[in-house]
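Asker: I'm passing along protein.pdb; it holds PDB, C-alpha atoms.
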MODEL        1
ATOM      1  CA  MET A   1     -42.222  71.105 -48.239
ATOM      2  CA  SER A   2     -40.703  68.430 -50.469
ATOM      3  CA  PRO A   3     -41.421  64.719 -49.863
ATOM      4  CA  LEU A   4     -37.774  64.112 -48.913
ATOM      5  CA  THR A   5     -37.563  66.726 -46.184
ATOM      6  CA  PRO A   6     -37.255  65.006 -42.786
ATOM      7  CA  VAL A   7     -39.903  65.905 -40.247
ATOM      8  CA  SER A   8     -38.722  66.262 -36.683
ATOM      9  CA  PRO A   9     -40.971  64.929 -33.922
ATOM     10  CA  PRO A  10     -42.566  67.399 -31.542
ATOM     11  CA  PRO A  11     -40.312  68.297 -28.602
ATOM     12  CA  GLY A  12     -40.587  65.840 -25.708
ATOM     13  CA  LEU A  13     -42.133  63.012 -27.747
ATOM     14  CA  CYS A  14     -38.895  61.010 -27.736
ATOM     15  CA  SER A  15     -38.605  61.438 -23.966
ATOM     16  CA  LEU A  16     -42.211  60.347 -23.490
ATOM     17  CA  LEU A  17     -41.732  57.243 -25.659
ATOM     18  CA  LEU A  18     -38.564  56.315 -23.782
ATOM     19  CA  LEU A  19     -40.336  56.760 -20.449
ATOM     20  CA  LEU A  20     -43.234  54.551 -21.591
ATOM     21  CA  LEU A  21     -40.824  51.850 -22.709
ATOM     22  CA  LEU A  22     -38.963  51.928 -19.394
ATOM     23  CA  LEU A  23     -42.109  51.882 -17.254
ATOM     24  CA  GLY A  24     -43.974  49.416 -19.416
ATOM     25  CA  VAL A  25     -46.987  50.237 -21.485
ATOM     26  CA  PRO A  26     -50.257  49.106 -19.862
ATOM     27  CA  GLY A  27     -51.835  46.197 -21.694
ATOM     28  CA  ARG A  28     -48.562  45.152 -23.238
ATOM     29  CA  PRO A  29     -47.484  41.595 -22.345
ATOM     30  CA  GLN A  30     -44.812  41.642 -19.691
ATOM     31  CA  PRO A  31     -41.727  39.477 -20.116
ATOM     32  CA  ARG A  32     -41.763  36.140 -18.320
ATOM     33  CA  PRO A  33     -39.736  35.997 -15.145
ATOM     34  CA  GLU A  34     -36.335  34.410 -15.512
ATOM     35  CA  GLY A  35     -35.790  30.891 -14.268
ATOM     36  CA  PRO A  36     -38.015  27.850 -14.009
ATOM     37  CA  PRO A  37     -41.531  28.053 -12.628
ATOM     38  CA  SER A  38     -41.855  27.586  -8.895
ATOM     39  CA  LEU A  39     -43.964  24.990  -7.133
ATOM     40  CA  CYS A  40     -44.923  27.812  -4.788
ATOM     41  CA  ASP A  41     -47.009  29.223  -7.634
ATOM     42  CA  PRO A  42     -50.362  27.459  -7.041
ATOM     43  CA  ARG A  43     -51.043  27.329 -10.792
ATOM     44  CA  VAL A  44     -48.001  25.091 -11.294
ATOM     45  CA  MET A  45     -49.163  22.565  -8.715
ATOM     46  CA  GLU A  46     -52.721  22.664 -10.035
ATOM     47  CA  ARG A  47     -51.372  21.839 -13.480
ATOM     48  CA  PHE A  48     -49.527  18.782 -12.112
ATOM     49  CA  ILE A  49     -52.680  17.619 -10.326
ATOM     50  CA  LEU A  50     -54.864  18.161 -13.391
ATOM     51  CA  GLU A  51     -52.481  16.191 -15.601
ATOM     52  CA  ALA A  52     -52.325  13.338 -13.068
ATOM     53  CA  ARG A  53     -56.128  13.199 -12.867
ATOM     54  CA  ASP A  54     -56.410  13.239 -16.654
ATOM     55  CA  ALA A  55     -53.917  10.375 -16.935
ATOM     56  CA  GLU A  56     -55.809   8.429 -14.259
ATOM     57  CA  ARG A  57     -59.150   9.002 -16.019
ATOM     58  CA  GLY A  58     -57.606   8.066 -19.367
ATOM     59  CA  THR A  59     -56.798   4.593 -18.094
ATOM     60  CA  ALA A  60     -59.989   3.984 -16.106
ATOM     61  CA  GLY A  61     -61.617   0.798 -17.321
ATOM     62  CA  CYS A  62     -58.780  -0.031 -19.711
ATOM     63  CA  GLY A  63     -58.952  -3.720 -18.859
ATOM     64  CA  PRO A  64     -56.304  -6.420 -19.012
ATOM     65  CA  HIS A  65     -53.852  -4.454 -21.176
ATOM     66  CA  CYS A  66     -53.346  -2.165 -18.147
ATOM     67  CA  ASP A  67     -52.437  -5.017 -15.802
ATOM     68  CA  LEU A  68     -48.795  -5.021 -14.813
ATOM     69  CA  PRO A  69     -47.059  -8.418 -15.076
ATOM     70  CA  GLU A  70     -45.439  -7.705 -11.704
ATOM     71  CA  ALA A  71     -46.348  -5.472  -8.787
ATOM     72  CA  VAL A  72     -44.530  -2.154  -8.493
ATOM     73  CA  ALA A  73     -43.807  -0.361  -5.225
ATOM     74  CA  VAL A  74     -45.283   3.097  -4.708
ATOM     75  CA  PRO A  75     -45.426   5.317  -1.619
ATOM     76  CA  ASP A  76     -48.521   5.242   0.529
ATOM     77  CA  PRO A  77     -50.385   8.353  -0.640
ATOM     78  CA  GLY A  78     -52.511   8.547   2.497
ATOM     79  CA  VAL A  79     -51.782  11.233   5.048
ATOM     80  CA  ASN A  80     -52.046  10.669   8.780
ATOM     81  CA  PHE A  81     -52.429  14.293   9.852
ATOM     82  CA  ASN A  82     -51.331  13.649  13.437
ATOM     83  CA  VAL A  83     -48.091  12.074  12.227
ATOM     84  CA  TRP A  84     -47.632  14.750   9.549
ATOM     85  CA  ARG A  85     -47.953  17.578  12.110
ATOM     86  CA  SER A  86     -45.417  15.873  14.365
ATOM     87  CA  LEU A  87     -42.755  15.802  11.618
ATOM     88  CA  ASP A  88     -40.304  18.669  11.298
ATOM     89  CA  ALA A  89     -39.873  20.484   7.986
ATOM     90  CA  GLY A  90     -36.857  18.402   6.986
ATOM     91  CA  SER A  91     -38.677  15.117   7.583
ATOM     92  CA  ARG A  92     -41.651  16.323   5.555
ATOM     93  CA  ALA A  93     -39.378  17.356   2.710
ATOM     94  CA  LEU A  94     -37.630  14.022   2.806
ATOM     95  CA  GLU A  95     -40.900  12.083   2.795
ATOM     96  CA  VAL A  96     -42.101  14.023  -0.247
ATOM     97  CA  ALA A  97     -38.757  13.612  -2.050
ATOM     98  CA  ARG A  98     -38.650   9.877  -1.341
ATOM     99  CA  GLY A  99     -42.262   9.450  -2.399
ATOM    100  CA  GLN A 100     -41.695  11.358  -5.604
ATOM    101  CA  ALA A 101     -38.602   9.269  -6.394
ATOM    102  CA  ALA A 102     -40.525   6.047  -5.723
ATOM    103  CA  LEU A 103     -43.349   7.187  -7.996
ATOM    104  CA  ALA A 104     -40.941   8.118 -10.795
ATOM    105  CA  ALA A 105     -39.284   4.692 -10.490
ATOM    106  CA  ALA A 106     -42.678   2.946 -10.494
ATOM    107  CA  VAL A 107     -43.854   4.803 -13.599
ATOM    108  CA  LEU A 108     -40.540   4.072 -15.330
ATOM    109  CA  ARG A 109     -40.895   0.379 -14.463
ATOM    110  CA  ALA A 110     -44.483   0.383 -15.751
ATOM    111  CA  ARG A 111     -43.222   1.908 -19.022
ATOM    112  CA  GLU A 112     -40.780  -1.001 -19.330
ATOM    113  CA  LEU A 113     -43.436  -3.604 -18.548
ATOM    114  CA  LEU A 114     -46.330  -2.259 -20.626
ATOM    115  CA  ARG A 115     -45.593  -1.882 -24.310
ATOM    116  CA  ASP A 116     -49.207  -1.435 -25.425
ATOM    117  CA  PRO A 117     -49.419   1.717 -27.578
ATOM    118  CA  ARG A 118     -52.835   2.548 -26.090
ATOM    119  CA  VAL A 119     -51.339   3.211 -22.649
ATOM    120  CA  ARG A 120     -47.977   4.573 -23.744
ATOM    121  CA  PRO A 121     -49.074   8.255 -23.936
ATOM    122  CA  SER A 122     -50.412   8.178 -20.355
ATOM    123  CA  LEU A 123     -47.196   6.595 -19.100
ATOM    124  CA  ASP A 124     -45.000   9.033 -20.996
ATOM    125  CA  ARG A 125     -46.917  12.036 -19.623
ATOM    126  CA  ALA A 126     -46.842  10.638 -16.074
ATOM    127  CA  TYR A 127     -43.102   9.999 -16.270
ATOM    128  CA  GLY A 128     -42.423  13.469 -17.703
ATOM    129  CA  ALA A 129     -44.506  15.023 -14.916
ATOM    130  CA  ALA A 130     -42.640  13.000 -12.271
ATOM    131  CA  ARG A 131     -39.287  14.190 -13.613
ATOM    132  CA  SER A 132     -40.473  17.805 -13.786
ATOM    133  CA  LEU A 133     -41.785  17.598 -10.243
ATOM    134  CA  ALA A 134     -38.412  16.246  -9.059
ATOM    135  CA  ARG A 135     -36.620  19.156 -10.726
ATOM    136  CA  LEU A 136     -38.953  21.699  -9.113
ATOM    137  CA  LEU A 137     -38.736  20.045  -5.695
ATOM    138  CA  ARG A 138     -34.950  20.382  -5.817
ATOM    139  CA  GLY A 139     -35.486  24.149  -5.982
ATOM    140  CA  LEU A 140     -37.140  24.161  -2.549
ATOM    141  CA  PRO A 141     -35.270  24.121   0.779
ATOM    142  CA  ALA A 142     -33.437  20.841   1.413
ATOM    143  CA  PRO A 143     -33.974  18.793   4.557
ATOM    144  CA  ALA A 144     -31.468  19.508   7.321
ATOM    145  CA  THR A 145     -32.387  16.679   9.675
ATOM    146  CA  PRO A 146     -31.365  13.042   9.683
ATOM    147  CA  PRO A 147     -33.760  10.947   7.634
ATOM    148  CA  PRO A 148     -36.477   9.020   9.447
ATOM    149  CA  SER A 149     -37.221   5.511   8.276
ATOM    150  CA  PRO A 150     -39.268   5.583   5.088
ATOM    151  CA  PRO A 151     -42.895   4.478   5.270
ATOM    152  CA  ALA A 152     -43.683   1.000   3.990
ATOM    153  CA  PRO A 153     -44.409   0.997   0.267
ATOM    154  CA  VAL A 154     -47.703  -0.068  -1.245
ATOM    155  CA  ARG A 155     -47.669  -2.488  -4.174
ATOM    156  CA  VAL A 156     -49.919  -1.959  -7.184
ATOM    157  CA  ARG A 157     -50.575  -4.266 -10.124
ATOM    158  CA  THR A 158     -52.559  -2.042 -12.515
ATOM    159  CA  LEU A 159     -51.825   1.156 -14.349
ATOM    160  CA  PRO A 160     -55.024   2.920 -13.178
ATOM    161  CA  ARG A 161     -54.080   2.184  -9.564
ATOM    162  CA  LEU A 162     -50.522   3.467 -10.119
ATOM    163  CA  LEU A 163     -51.791   6.705 -11.660
ATOM    164  CA  GLY A 164     -54.373   7.016  -8.866
ATOM    165  CA  VAL A 165     -51.583   6.852  -6.277
ATOM    166  CA  LEU A 166     -49.690   9.550  -8.187
ATOM    167  CA  SER A 167     -52.764  11.792  -8.197
ATOM    168  CA  ARG A 168     -53.465  11.246  -4.472
ATOM    169  CA  PHE A 169     -49.807  11.810  -3.572
ATOM    170  CA  LEU A 170     -49.828  15.191  -5.347
ATOM    171  CA  ARG A 171     -53.141  16.255  -3.812
ATOM    172  CA  GLY A 172     -52.100  15.074  -0.352
ATOM    173  CA  LYS A 173     -48.492  15.041   0.791
ATOM    174  CA  VAL A 174     -47.040  17.339  -1.862
ATOM    175  CA  ARG A 175     -49.752  19.943  -1.387
ATOM    176  CA  LEU A 176     -49.369  19.823   2.409
ATOM    177  CA  TYR A 177     -45.608  20.147   2.105
ATOM    178  CA  LEU A 178     -45.926  23.178  -0.170
ATOM    179  CA  ALA A 179     -48.445  24.806   2.195
ATOM    180  CA  ASP A 180     -45.818  24.575   4.952
ATOM    181  CA  THR A 181     -42.793  25.464   2.814
ATOM    182  CA  CYS A 182     -43.899  28.229   0.474
ATOM    183  CA  PRO A 183     -44.099  31.834   1.650
ATOM    184  CA  ARG A 184     -47.611  33.173   1.845
TER     185      ARG A 184
ENDMDL
END
Would you mind writing the file out in structure tokens?
Answerer:
Amino acid sequence: MSPLTPVSPPPGLCSLLLLLLLLGVPGRPQPRPEGPPSLCDPRVMERFILEARDAERGTAGCGPHCDLPEAVAVPDPGVNFNVWRSLDAGSRALEVARGQAALAAAVLRARELLRDPRVRPSLDRAYGAARSLARLLRGLPAPATPPPSPPAPVRVRTLPRLLGVLSRFLRGKVRLYLADTCPR
């Protein structure tokens, strides 16, 4: 046989290879699902919470350069479980959406007020996370009920307190909302 003579594969090998490609070869990385990640995936929410905690820890004890020259309004991150259970799904969704919007606005305002480069990375990450959370929340069912009156805002004057509210809001109201909204 000369070196230029083509060798044909054994019969059925091409069919087997095609079948393996169609079914997926075990151990081979599978393609990522199309579309953005879902908040119903617990890993996504855990990532948001971890980043909020890291930002909060990163500013703990940062002193006077973390004091805001004016108080910013944030949602009350506390959860009254009796009130929460009495709300319908639309009211819960609206409370979470309003709270998230208030937090994004508060972080944006803190970015405008604090120009110190030592706190800028924490603020940038917190604002990016707030925007990403808003985008993912829009992918969940929208409220269908008339809006109840929003809860009274809390005012904070320090960056660690602001980031603490963000962390508590994610661990509390957002997590409760997702537990009710996401399919199990």
Asker: List the neighbours of Leu133 in chain A out to 10 Å using only C-alpha atoms; skip same-chain residues closer than 5 positions along the sequence, and give me the result as a list in words.
Answerer: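 Within the cut-off, the hits are Leu39, Val44, Met45, Phe48, Ala97, Gln100, Ala101, Ala104, Tyr127, Gly128, Arg138, Leu170 and Val174 of chain A.
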Asker: Ranking A:Glu70, A:Ser86, A:Ala134, A:Glu56 by minimum distance to Arg155 in chain A and counting all atoms listed in the file, which one comes first?
Answerer: A:Glu70
Asker: What is the distance, in Å and to one decimal place, between CA of Gly61 in chain A and CA of Arg161 in chain A?
Answerer: 10.9 Å
Asker: To one decimal place in Å, what is the distance between CA of Ile49 in chain A and CA of Leu113 in chain A?
Answerer: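 CA of Leu113 in chain A lies at a distance of 24.6 Å from CA of Ile49 in chain A.
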Asker: Figure out the distance between CA of Val72 in chain A and CA of Leu123 in chain A, please, to one decimal in Å.
Answerer: 14.0 Å
Asker: Grab all the atoms of range 69-72 of chain A that the file lists, wrap them in a box along x, y and z, add 8 Å per side, and give me centre plus edge lengths in Å (one decimal) as JSON.
Answerer:
{"center_x": -45.8, "center_y": -5.3, "center_z": -11.8, "size_x": 18.5, "size_y": 22.3, "size_z": 22.6}
Asker: Which residues fall under the PyMOL selection byres ((chain A and resi 178) around 10) in this file, as JSON, numbers by chain?
Answerer: {"A": [39, 40, 41, 42, 45, 92, 93, 96, 137, 140, 173, 174, 175, 176, 177, 179, 180, 181, 182, 183]}
Asker: Restricting the calculation to all atoms listed in the file, which member of A:Ala60, A:Ala129, A:Val107, A:Leu114 is positioned closest to Pro160 in chain A?
Answerer: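 For Pro160 in chain A, the nearest of the candidates is A:Ala60.
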Asker: Which residue gives the smallest distance to Ala110 in chain A among A:Arg85, A:Arg135, A:Arg43, A:His65, with all atoms listed in the file counted?
Answerer: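 The answer is A:His65, which sits nearest to Ala110 in chain A.
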Asker: Can you tell me, as a PDB file with C-alpha atoms, keeping the file's coordinate frame, what residues are no more than 7 Å from Cys66 in chain A when counting only C-alpha atoms, ignoring any on the same chain fewer than 3 positions away?
Answerer:
ATOM      1  CA  CYS A  62     -58.780  -0.031 -19.711  1.00  0.00           C
ATOM      2  CA  GLY A  63     -58.952  -3.720 -18.859  1.00  0.00           C
ATOM      3  CA  THR A 158     -52.559  -2.042 -12.515  1.00  0.00           C
ATOM      4  CA  LEU A 159     -51.825   1.156 -14.349  1.00  0.00           C
TER       5      LEU A 159
END
Asker: Extract, using all atoms listed in the file, all DNA, RNA and protein residues at most 6 Å from Pro153 in chain A, discarding same-chain residues fewer than 6 positions from it, and format them as an mmCIF file with C-alpha atoms, keeping the file's coordinate frame.
Answerer:
data_model
loop_
_atom_site.group_PDB
_atom_site.id
_atom_site.type_symbol
_atom_site.label_atom_id
_atom_site.label_comp_id
_atom_site.auth_asym_id
_atom_site.auth_seq_id
_atom_site.Cartn_x
_atom_site.Cartn_y
_atom_site.Cartn_z
ATOM 1 C CA ALA A 73 -43.807 -0.361 -5.225
ATOM 2 C CA VAL A 74 -45.283 3.097 -4.708
ATOM 3 C CA PRO A 75 -45.426 5.317 -1.619
ATOM 4 C CA ASP A 76 -48.521 5.242 0.529
#
Asker: Can you work out which one of A:Leu103, A:Val154, A:Leu162, A:Ala126 has the shortest atom-to-atom distance to Gly78 in chain A, counting all atoms listed in the file?
Answerer: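 With all atoms listed in the file as the atom set, the closest residue is A:Val154.
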